[in-house]
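*Asks:* Next comes the structure file work_33.cif, holding mmCIF, C-alpha atoms.
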data_structure
#
loop_
_atom_site.group_PDB
_atom_site.id
_atom_site.type_symbol
_atom_site.label_atom_id
_atom_site.label_comp_id
_atom_site.auth_asym_id
_atom_site.auth_seq_id
_atom_site.Cartn_x
_atom_site.Cartn_y
_atom_site.Cartn_z
ATOM 1 C CA MET A 30 22.416 21.779 14.964
ATOM 2 C CA VAL A 31 18.888 22.643 13.795
ATOM 3 C CA GLY A 32 17.965 18.948 13.431
ATOM 4 C CA VAL A 33 18.871 18.315 17.070
ATOM 5 C CA HIS A 34 16.479 21.076 18.196
ATOM 6 C CA LEU A 35 13.721 19.976 15.810
ATOM 7 C CA THR A 36 13.462 16.483 17.225
ATOM 8 C CA ALA A 37 12.066 17.899 20.449
ATOM 9 C CA LEU A 38 9.296 19.730 18.601
ATOM 10 C CA PRO A 39 7.652 17.535 15.929
ATOM 11 C CA GLY A 40 8.976 14.162 17.093
ATOM 12 C CA ASN A 41 11.659 11.808 15.855
ATOM 13 C CA GLY A 42 10.090 9.786 13.062
ATOM 14 C CA LEU A 43 11.584 8.702 9.770
ATOM 15 C CA PHE A 44 12.065 12.270 8.539
ATOM 16 C CA LEU A 45 14.187 13.479 11.460
ATOM 17 C CA SER A 46 15.826 10.274 12.669
ATOM 18 C CA ASP A 47 19.232 9.059 11.566
ATOM 19 C CA GLY A 48 21.564 6.114 11.931
ATOM 20 C CA ASP A 49 20.183 2.929 13.439
ATOM 21 C CA GLN A 50 16.829 4.469 14.339
ATOM 22 C CA TRP A 51 16.329 5.602 10.732
ATOM 23 C CA LYS A 52 17.187 2.102 9.475
ATOM 24 C CA VAL A 53 14.640 0.506 11.821
ATOM 25 C CA HIS A 54 11.889 2.948 10.757
ATOM 26 C CA ARG A 55 12.762 2.512 7.088
ATOM 27 C CA ARG A 56 12.706 -1.298 7.302
ATOM 28 C CA LEU A 57 9.302 -1.211 8.986
ATOM 29 C CA LEU A 58 7.827 1.038 6.302
ATOM 30 C CA THR A 59 9.401 -0.415 3.156
ATOM 31 C CA PRO A 60 7.031 -3.417 2.780
ATOM 32 C CA ALA A 61 4.007 -1.109 2.920
ATOM 33 C CA PHE A 62 5.198 0.690 -0.226
ATOM 34 C CA HIS A 63 5.850 -2.387 -2.352
ATOM 35 C CA PHE A 64 4.140 -2.150 -5.751
ATOM 36 C CA ASP A 65 1.936 -5.184 -5.095
ATOM 37 C CA VAL A 66 0.699 -3.659 -1.839
ATOM 38 C CA LEU A 67 0.035 -0.239 -3.373
ATOM 39 C CA LYS A 68 -1.722 -1.798 -6.369
ATOM 40 C CA GLN A 69 -4.556 -3.070 -4.172
ATOM 41 C CA TYR A 70 -5.374 0.509 -3.166
ATOM 42 C CA ALA A 71 -5.651 1.908 -6.717
ATOM 43 C CA SER A 72 -9.439 1.957 -6.460
ATOM 44 C CA VAL A 73 -9.195 4.165 -3.354
ATOM 45 C CA TYR A 74 -6.800 6.563 -5.124
ATOM 46 C CA ASN A 75 -9.089 6.731 -8.155
ATOM 47 C CA ARG A 76 -12.278 7.193 -6.119
ATOM 48 C CA GLU A 77 -10.832 10.004 -3.988
ATOM 49 C CA ALA A 78 -9.224 11.745 -6.986
ATOM 50 C CA THR A 79 -12.509 11.557 -8.892
ATOM 51 C CA GLU A 80 -14.350 12.989 -5.881
ATOM 52 C CA MET A 81 -11.853 15.861 -5.619
ATOM 53 C CA ILE A 82 -12.122 16.605 -9.351
ATOM 54 C CA SER A 83 -15.925 16.600 -9.147
ATOM 55 C CA LYS A 84 -15.803 18.996 -6.224
ATOM 56 C CA LEU A 85 -13.368 21.302 -8.021
ATOM 57 C CA SER A 86 -15.375 21.125 -11.257
ATOM 58 C CA GLY A 87 -18.454 22.327 -9.405
ATOM 59 C CA THR A 88 -16.447 25.198 -7.953
ATOM 60 C CA THR A 89 -14.975 26.283 -11.273
ATOM 61 C CA ASP A 90 -18.326 25.961 -13.077
ATOM 62 C CA ASN A 91 -19.650 28.616 -10.708
ATOM 63 C CA GLY A 92 -16.621 30.825 -11.337
ATOM 64 C CA GLN A 93 -15.485 30.522 -7.723
ATOM 65 C CA VAL A 94 -11.870 30.607 -6.627
ATOM 66 C CA PHE A 95 -10.565 27.687 -4.588
ATOM 67 C CA GLU A 96 -7.456 26.870 -2.606
ATOM 68 C CA MET A 97 -5.729 23.928 -4.292
ATOM 69 C CA PHE A 98 -3.442 23.144 -1.336
ATOM 70 C CA GLN A 99 -6.451 22.629 0.910
ATOM 71 C CA GLU A 100 -8.274 20.382 -1.578
ATOM 72 C CA ALA A 101 -5.215 18.296 -2.472
ATOM 73 C CA SER A 102 -4.304 17.934 1.210
ATOM 74 C CA LEU A 103 -7.814 16.801 2.127
ATOM 75 C CA CYS A 104 -7.759 14.280 -0.737
ATOM 76 C CA THR A 105 -4.354 12.968 0.387
ATOM 77 C CA LEU A 106 -5.494 12.725 3.998
ATOM 78 C CA GLU A 107 -8.619 10.815 2.985
ATOM 79 C CA ILE A 108 -6.533 8.375 0.916
ATOM 80 C CA ILE A 109 -4.189 7.784 3.848
ATOM 81 C CA LEU A 110 -7.103 7.268 6.223
ATOM 82 C CA GLN A 111 -8.794 4.818 3.841
ATOM 83 C CA CYS A 112 -5.665 2.838 2.972
ATOM 84 C CA ALA A 113 -3.744 2.775 6.227
ATOM 85 C CA PHE A 114 -6.562 2.949 8.741
ATOM 86 C CA SER A 115 -9.574 1.514 6.890
ATOM 87 C CA GLY A 116 -11.440 4.786 7.139
ATOM 88 C CA GLY A 117 -9.961 6.247 10.285
ATOM 89 C CA GLN A 118 -13.232 7.802 11.537
ATOM 90 C CA MET A 119 -12.103 11.421 11.366
ATOM 91 C CA PRO A 120 -14.895 14.011 11.125
ATOM 92 C CA ASP A 121 -14.676 16.512 8.262
ATOM 93 C CA GLU A 122 -14.176 19.370 10.713
ATOM 94 C CA THR A 123 -11.161 17.609 12.234
ATOM 95 C CA LYS A 124 -9.771 16.903 8.753
ATOM 96 C CA ASN A 125 -9.996 20.616 7.930
ATOM 97 C CA GLU A 126 -8.361 21.546 11.244
ATOM 98 C CA TYR A 127 -5.633 18.956 10.668
ATOM 99 C CA VAL A 128 -4.814 20.251 7.180
ATOM 100 C CA ALA A 129 -4.897 23.857 8.432
ATOM 101 C CA ALA A 130 -2.515 22.908 11.261
ATOM 102 C CA ILE A 131 -0.087 21.321 8.795
ATOM 103 C CA ARG A 132 -0.177 24.442 6.655
ATOM 104 C CA LYS A 133 0.365 26.750 9.642
ATOM 105 C CA LEU A 134 3.210 24.529 10.900
ATOM 106 C CA LYS A 135 4.959 24.880 7.565
ATOM 107 C CA LEU A 136 4.910 28.668 7.862
ATOM 108 C CA LEU A 137 5.918 28.655 11.524
ATOM 109 C CA PHE A 138 8.734 26.220 10.766
ATOM 110 C CA LEU A 139 10.202 28.610 8.183
ATOM 111 C CA LYS A 140 9.901 31.550 10.585
ATOM 112 C CA MET A 141 11.540 29.472 13.288
ATOM 113 C CA LEU A 142 14.546 28.598 11.135
ATOM 114 C CA PHE A 143 15.261 32.272 10.567
ATOM 115 C CA ASN A 144 14.805 33.296 14.188
ATOM 116 C CA PRO A 145 18.205 33.733 15.893
ATOM 117 C CA LEU A 146 16.707 32.872 19.293
ATOM 118 C CA PHE A 147 15.699 29.434 18.012
ATOM 119 C CA LEU A 148 19.228 28.791 16.799
ATOM 120 C CA LEU A 149 20.553 29.703 20.245
ATOM 121 C CA SER A 150 17.933 27.974 22.372
ATOM 122 C CA ALA A 151 14.932 25.983 21.182
ATOM 123 C CA SER A 152 13.450 26.004 24.676
ATOM 124 C CA ALA A 153 13.597 29.817 24.819
ATOM 125 C CA TYR A 154 12.031 30.040 21.359
ATOM 126 C CA ARG A 155 9.115 27.852 22.487
ATOM 127 C CA ARG A 156 8.223 30.553 25.030
ATOM 128 C CA LEU A 157 7.599 33.104 22.269
ATOM 129 C CA PRO A 158 4.080 33.331 20.741
ATOM 130 C CA ASN A 159 5.153 31.600 17.494
ATOM 131 C CA GLY A 160 7.005 28.929 19.471
ATOM 132 C CA ARG A 161 3.974 28.267 21.674
ATOM 133 C CA GLU A 162 1.732 28.062 18.598
ATOM 134 C CA TYR A 163 4.195 25.680 16.898
ATOM 135 C CA THR A 164 4.212 23.427 19.961
ATOM 136 C CA ARG A 165 0.399 23.564 20.255
ATOM 137 C CA LEU A 166 -0.051 22.594 16.594
ATOM 138 C CA CYS A 167 2.498 19.772 16.881
ATOM 139 C CA THR A 168 0.610 18.468 19.908
ATOM 140 C CA PHE A 169 -2.714 18.662 18.044
ATOM 141 C CA ILE A 170 -1.314 16.788 15.036
ATOM 142 C CA HIS A 171 0.346 14.122 17.188
ATOM 143 C CA ASP A 172 -2.727 13.667 19.393
ATOM 144 C CA THR A 173 -5.033 13.388 16.373
ATOM 145 C CA ALA A 174 -2.783 10.857 14.659
ATOM 146 C CA GLU A 175 -2.266 8.904 17.883
ATOM 147 C CA SER A 176 -6.016 8.742 18.433
ATOM 148 C CA ILE A 177 -6.569 7.269 14.957
ATOM 149 C CA VAL A 178 -3.741 4.762 15.351
ATOM 150 C CA THR A 179 -4.971 3.723 18.814
ATOM 151 C CA LYS A 180 -8.528 3.148 17.551
ATOM 152 C CA ARG A 181 -7.257 1.135 14.599
ATOM 153 C CA ARG A 182 -4.894 -0.870 16.791
ATOM 154 C CA GLN A 183 -7.817 -1.758 19.095
ATOM 155 C CA GLN A 184 -9.894 -2.842 16.089
ATOM 156 C CA LEU A 185 -7.085 -5.043 14.816
ATOM 157 C CA VAL A 186 -6.368 -6.617 18.172
ATOM 158 C CA SER A 187 -10.003 -7.604 18.563
ATOM 159 C CA LYS A 188 -10.665 -8.650 14.933
ATOM 160 C CA VAL A 189 -7.498 -9.802 13.189
ATOM 161 C CA PRO A 190 -6.299 -13.284 14.074
ATOM 162 C CA ILE A 191 -2.588 -13.703 13.519
ATOM 163 C CA SER A 192 -2.128 -16.871 11.547
ATOM 164 C CA PRO A 193 0.635 -19.357 12.398
ATOM 165 C CA GLY A 194 1.981 -18.907 8.870
ATOM 166 C CA GLY A 195 2.607 -15.174 9.201
ATOM 167 C CA VAL A 196 1.259 -11.778 10.066
ATOM 168 C CA THR A 197 -1.279 -9.996 7.888
ATOM 169 C CA LEU A 198 -0.366 -6.557 6.537
ATOM 170 C CA GLU A 199 -3.021 -4.828 8.627
ATOM 171 C CA ALA A 200 -1.661 -6.476 11.760
ATOM 172 C CA LEU A 201 1.557 -4.487 11.316
ATOM 173 C CA LEU A 202 -0.321 -1.496 12.747
ATOM 174 C CA ILE A 203 -0.405 -3.294 16.091
ATOM 175 C CA LEU A 204 3.339 -2.761 16.303
#
Using structure tokens, write down the structure that the file contains.

*Replies:*
Amino acid sequence: MVGVHLTALPGNGLFLSDGDQWKVHRRLLTPAFHFDVLKQYASVYNREATEMISKLSGTTDNGQVFEMFQEASLCTLEIILQCAFSGGQMPDETKNEYVAAIRKLKLLFLKMLFNPLFLLSASAYRRLPNGREYTRLCTFIHDTAESIVTKRRQQLVSKVPISPGGVTLEALLIL
């Protein structure tokens, strides 16, 4: 019952889909996670991890406290942007807002699951302050991601020729 209500809020991607839709999403994503594909991005993983460690080392050398979730999330986001979107052109401020939105959504999601009104009516719950905030954050995350995908898709359409022998990996983003 909860899964049915959730699809209206964050979307119906691989995580929340089932049946035939899940199979289609899974088949589209599987080639991107093949070892040979991931291997070519090892330098990106290493560079971003080294940058995060350097940043954290500077913080700990000064005796400052840091939030590991924030740093690890920013590192992960940067890796995704570099690997999947060839940079993604997301300003640092937007990256921080994006990570903060994900974190806030996690907390709101847990509150939502334990709210009896949500279990009775997701649309009624969305009228409450936490429900409105949840919807606003979902919209921000979706709009930000859609903007990055749209920009990358436009780049690929104008720059990537599809060869008669097959489609390049980057061209899959056009789909």

*Asks:* Which of these residues is nearest to A:Lys135, using all atoms listed in the file: A:Gln111, A:Asn159, A:Thr123, A:Ser83?

*Replies:*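 Of A:Gln111, A:Asn159, A:Thr123, A:Ser83, the one nearest A:Lys135 is A:Asn159, counting all atoms listed in the file.
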
*Asks:* Taking only C-alpha atoms into account, which of A:Tyr163, A:Thr105, A:Pro60, A:Glu100 comes nearest A:Thr88?

*Replies:*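 Among the listed residues, the smallest separation from A:Thr88 belongs to A:Glu100.
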
*Asks:* Expressed in Å to a single decimal, how great is the separation between atom CA of A:Lys124 and atom CA of A:Lys84?

*Replies:*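 Going from atom CA of A:Lys124 over to atom CA of A:Lys84, I get 16.3 Å.
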
*Asks:* What is the distance, in Å and to one decimal place, between atom CA of A:Ile177 and atom CA of A:Phe114?

*Replies:*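 If I compute the distance from atom CA of A:Ile177 to atom CA of A:Phe114, I get 7.6 Å.
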
*Asks:* Of the candidates A:Leu139, A:Ala153, A:Val73, A:Cys104, which shows the shortest atom-to-atom distance to A:Asn125, using only C-alpha atoms?

*Replies:*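 Between A:Leu139, A:Ala153, A:Val73, A:Cys104, the residue approaching A:Asn125 most closely is A:Cys104.
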
*Asks:* Nearest residue to A:Pro120 out of A:Ala151, A:Leu67, A:Thr173, A:Leu136, using all atoms listed in the file?

*Replies:*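 Result for the nearest residue to A:Pro120: A:Thr173.
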
*Asks:* If I take atom CA of A:Thr168 and atom CA of A:Ala78, how far is one from the other in Å, to one decimal?

*Replies:*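 Result for atom CA of A:Thr168 versus atom CA of A:Ala78: 29.4 Å, one decimal.
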
*Asks:* Once the PyMOL selection byres ((chain A and resi 154) around 12) is applied to the coordinates I shared, what remains selected? I want it as a list in words.

*Replies:* His34, Leu35, Leu38, Leu137, Phe138, Lys140, Met141, Leu142, Phe143, Asn144, Pro145, Leu146, Phe147, Leu148, Leu149, Ser150, Ala151, Ser152, Ala153, Arg155, Arg156, Leu157, Pro158, Asn159, Gly160, Arg161, Glu162, Tyr163 and Thr164 of chain A

*Asks:* With distances taken over only C-alpha atoms, which of A:Val178, A:Met81, A:Ala61, A:Ala113 is nearest to A:Gln99?

*Replies:* A:Met81

*Asks:* Box for stretch 104-110 of chain A: with edges along x, y and z, all listed atoms inside and 4 Å added on each side, what are the centre and edge lengths in Å to one decimal, as lines of an AutoDock Vina configuration file?

*Replies:*
center_x = -6.4
center_y = 10.8
center_z = 2.7
size_x = 12.4
size_y = 15.0
size_z = 15.0
